[in-house]
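*Asks:* Before I ask anything, here is the structure I am working with.
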Number of protein chains: 2
Amino acid sequence: MINLAAGKCVPCRGGEPALTDAEIADLQLHVSQWQLKEVDGIKRLERIFKFKNYLEAVAFANKIAMTAEKEDHHPLIVLEWGRVTVQWWTHVVKGLHKNDFIMAAKTDEMFG
Amino acid sequence: MINLAAGKCVPCRGGEPALTDAEIADLQLHVSQWQLKEVDGIKRLERIFKFKNYLEAVAFANKIAMTAEKEDHHPLIVLEWGRVTVQWWTHVVKGLHKNDFIMAAKTDEMFG
């Protein structure tokens, strides 16, 4: 099994196609707790992480943000009392890129 | 003009009614950059804050989160590259409470 979480985002300048449904289905096996979601025709990966404590949720959101900045790939993070919702997708390919799966796997790892 | 930003959230245990439309209209004058939004029949205050830098957006989200924890009133914060969207409402009154306007004014002040 490939270790997505150990991957690095590759620079993605657009021009390349988004992943196909078959490629998505294959990669999704590695991040099975993420749901496929479509917003305005653009596929995203989404996972909701639950917390019993606000500050733990805040700390988790910060961990994701710091990794996002390091990899120069930034998700949508929704921070609420009790939960953090994370969505990964790639603007320039208008859909999902392998980078999104790498980041989803890294997010899982940060959740522990 | 009342200084909402200097206010403190009062404990809100439910049982009291949400603000009326007239009360909302009056308080909204003090936080005029916030839009009224209705989600599942529940009114919320929303404002989108723009940033040119991800880490500034992250720092702003953290400031809001720390104030939220201190006041024991927690918003929905959406953190993305370039912007932070904040929504305030009060679950237990299923709508808007004066606390939400106090927190919106405090959020404006943190944005500076």
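Residues are named by chain letter and number: chains run A, B, ... in the order of the structure tokens, numbers start at 1 in each chain, and ligands are numbered from 1 in the order shown.
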List as a Markdown table every residue of chain B that is in contact with chain A, defined as an atom at most 6 Å from one of its atoms (using only C-alpha atoms), together with the nearest atom pair and the distance in Å rounded to one decimal, sorted by chain and then rising number.
*Replies:*
| residue | atom | partner | partner_atom | distance |
| --- | --- | --- | --- | --- |
| B:Leu76 | CA | A:Glu80 | CA | 4.9 |
| B:Ile77 | CA | A:Leu79 | CA | 5.1 |
| B:Val78 | CA | A:Val78 | CA | 4.4 |
| B:Leu79 | CA | A:Ile77 | CA | 5.1 |
| B:Glu80 | CA | A:Leu76 | CA | 4.9 |
*Asks:* Go through stretch 29-66 of chain A and collect every residue that DSSP, computed from the backbone, puts in strand (DSSP E); the answer should be as a list in words.
*Replies:* Gln35, Leu36, Lys37, Glu38, Val39, Ile42, Lys43, Arg44, Leu45, Glu46, Arg47, Ile48, Phe49 and Lys50 of chain A
*Asks:* Since we have the selection now, will you write its residues out, keeping C-alpha atoms, as a JSON list (two decimals), in the first residue's frame?
*Replies:*
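Generated file (result_23.json):
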[["chain", "number", "residue", "atom", "x", "y", "z"],
["A", 35, "GLN", "CA", -16.19, 11.69, 1.51],
["A", 36, "LEU", "CA", -16.42, 12.91, -2.05],
["A", 37, "LYS", "CA", -18.40, 16.11, -2.26],
["A", 38, "GLU", "CA", -19.26, 18.18, -5.30],
["A", 39, "VAL", "CA", -19.63, 21.97, -5.05],
["A", 42, "ILE", "CA", -16.03, 20.68, -8.62],
["A", 43, "LYS", "CA", -15.13, 17.56, -6.64],
["A", 44, "ARG", "CA", -13.71, 17.94, -3.13],
["A", 45, "LEU", "CA", -12.61, 15.58, -0.38],
["A", 46, "GLU", "CA", -14.28, 16.24, 2.97],
["A", 47, "ARG", "CA", -13.87, 14.85, 6.46],
["A", 48, "ILE", "CA", -15.43, 16.00, 9.73],
["A", 49, "PHE", "CA", -13.28, 15.59, 12.84],
["A", 50, "LYS", "CA", -15.05, 15.61, 16.23]]
*Asks:* From a DSSP pass on the backbone, collect the residues of chain B flagged as helix (DSSP H, G or I) and hand them back as a ChimeraX atom specification.
*Replies:* /B:4-6,21-31,54-71,91-93,98-111
*Asks:* Work out how far atom CA of B:Asn99 is from atom CA of B:Val10, in Å to one decimal.
*Replies:*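 Computing the Euclidean distance for atom CA of B:Val10 and atom CA of B:Asn99 yields 6.8 Å.
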*Asks:* Give me the residues near B:Ala5 as a VMD selection string, where near means some atom within 10 Å (using only C-alpha atoms) and where sequence neighbours in that chain fewer than 4 positions away do not count.
*Replies:* chain B and resid 30 to 31 101 to 110
*Asks:* Quick one: residues within 10 Å of A:Glu16, only C-alpha atoms counted, chain neighbours fewer than 6 positions away excluded, as a VMD selection string?
*Replies:* chain A and resid 92 to 93 97
*Asks:* Mind checking which residues fall within 9 Å of B:Leu27, counting only C-alpha atoms, ignoring those fewer than 4 positions away in the same chain, and posting them as a ChimeraX atom specification?
*Replies:* /B:4,22-23,31-32,98,101
*Asks:* For the selection you just gave me, I'd like the residues written to a file as a CSV table (one decimal), in the first residue's frame, keeping all heavy atoms.
*Replies:*
chain,number,residue,atom,x,y,z
B,4,LEU,N,-20.8,48.3,21.6
B,4,LEU,CA,-21.0,46.8,21.7
B,4,LEU,C,-19.7,46.1,21.9
B,4,LEU,O,-19.7,45.1,22.7
B,4,LEU,CB,-21.6,46.4,20.3
B,4,LEU,CG,-23.1,46.4,20.1
B,4,LEU,CD1,-23.4,45.9,18.7
B,4,LEU,CD2,-23.8,45.6,21.2
B,22,ALA,N,-37.0,43.8,14.6
B,22,ALA,CA,-36.8,45.2,14.9
B,22,ALA,C,-35.6,45.3,15.8
B,22,ALA,O,-34.8,46.3,15.6
B,22,ALA,CB,-38.0,45.7,15.7
B,23,GLU,N,-35.4,44.4,16.7
B,23,GLU,CA,-34.2,44.5,17.6
B,23,GLU,C,-32.9,44.2,16.8
B,23,GLU,O,-31.9,44.9,17.0
B,23,GLU,CB,-34.3,43.5,18.7
B,23,GLU,CG,-35.4,43.8,19.8
B,23,GLU,CD,-35.7,42.7,20.7
B,23,GLU,OE1,-35.7,41.5,20.3
B,23,GLU,OE2,-36.0,42.9,21.9
B,31,VAL,N,-23.0,47.2,13.6
B,31,VAL,CA,-22.1,46.2,12.9
B,31,VAL,C,-22.5,46.1,11.5
B,31,VAL,O,-22.9,45.0,11.0
B,31,VAL,CB,-22.0,44.9,13.7
B,31,VAL,CG1,-21.3,45.0,15.0
B,31,VAL,CG2,-23.4,44.3,13.9
B,32,SER,N,-22.4,47.2,10.8
B,32,SER,CA,-23.1,47.3,9.5
B,32,SER,C,-22.4,46.5,8.4
B,32,SER,O,-22.9,46.4,7.3
B,32,SER,CB,-23.1,48.8,9.1
B,32,SER,OG,-21.8,49.3,9.1
B,98,LYS,N,-28.3,39.2,21.7
B,98,LYS,CA,-27.4,40.3,21.8
B,98,LYS,C,-25.9,39.9,21.8
B,98,LYS,O,-25.1,40.6,21.3
B,98,LYS,CB,-27.8,41.2,23.0
B,98,LYS,CG,-27.1,42.6,22.9
B,98,LYS,CD,-27.4,43.5,24.1
B,98,LYS,CE,-26.5,44.8,24.0
B,98,LYS,NZ,-26.6,45.6,25.3
B,101,PHE,N,-24.2,40.1,18.6
B,101,PHE,CA,-23.8,41.4,18.1
B,101,PHE,C,-22.5,41.9,18.9
B,101,PHE,O,-21.7,42.6,18.3
B,101,PHE,CB,-25.0,42.4,18.2
B,101,PHE,CG,-26.0,42.1,17.2
B,101,PHE,CD1,-27.0,41.2,17.4
B,101,PHE,CD2,-26.0,42.7,16.0
B,101,PHE,CE1,-28.0,40.9,16.5
B,101,PHE,CE2,-26.9,42.5,15.0
B,101,PHE,CZ,-27.9,41.6,15.3
*Asks:* Can you measure atom CA of A:Cys9 to atom CA of A:Gly41 for me? One decimal in Å is fine.
*Replies:*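 Spanning atom CA of A:Cys9 to atom CA of A:Gly41 is a straight-line distance of 23.6 Å.
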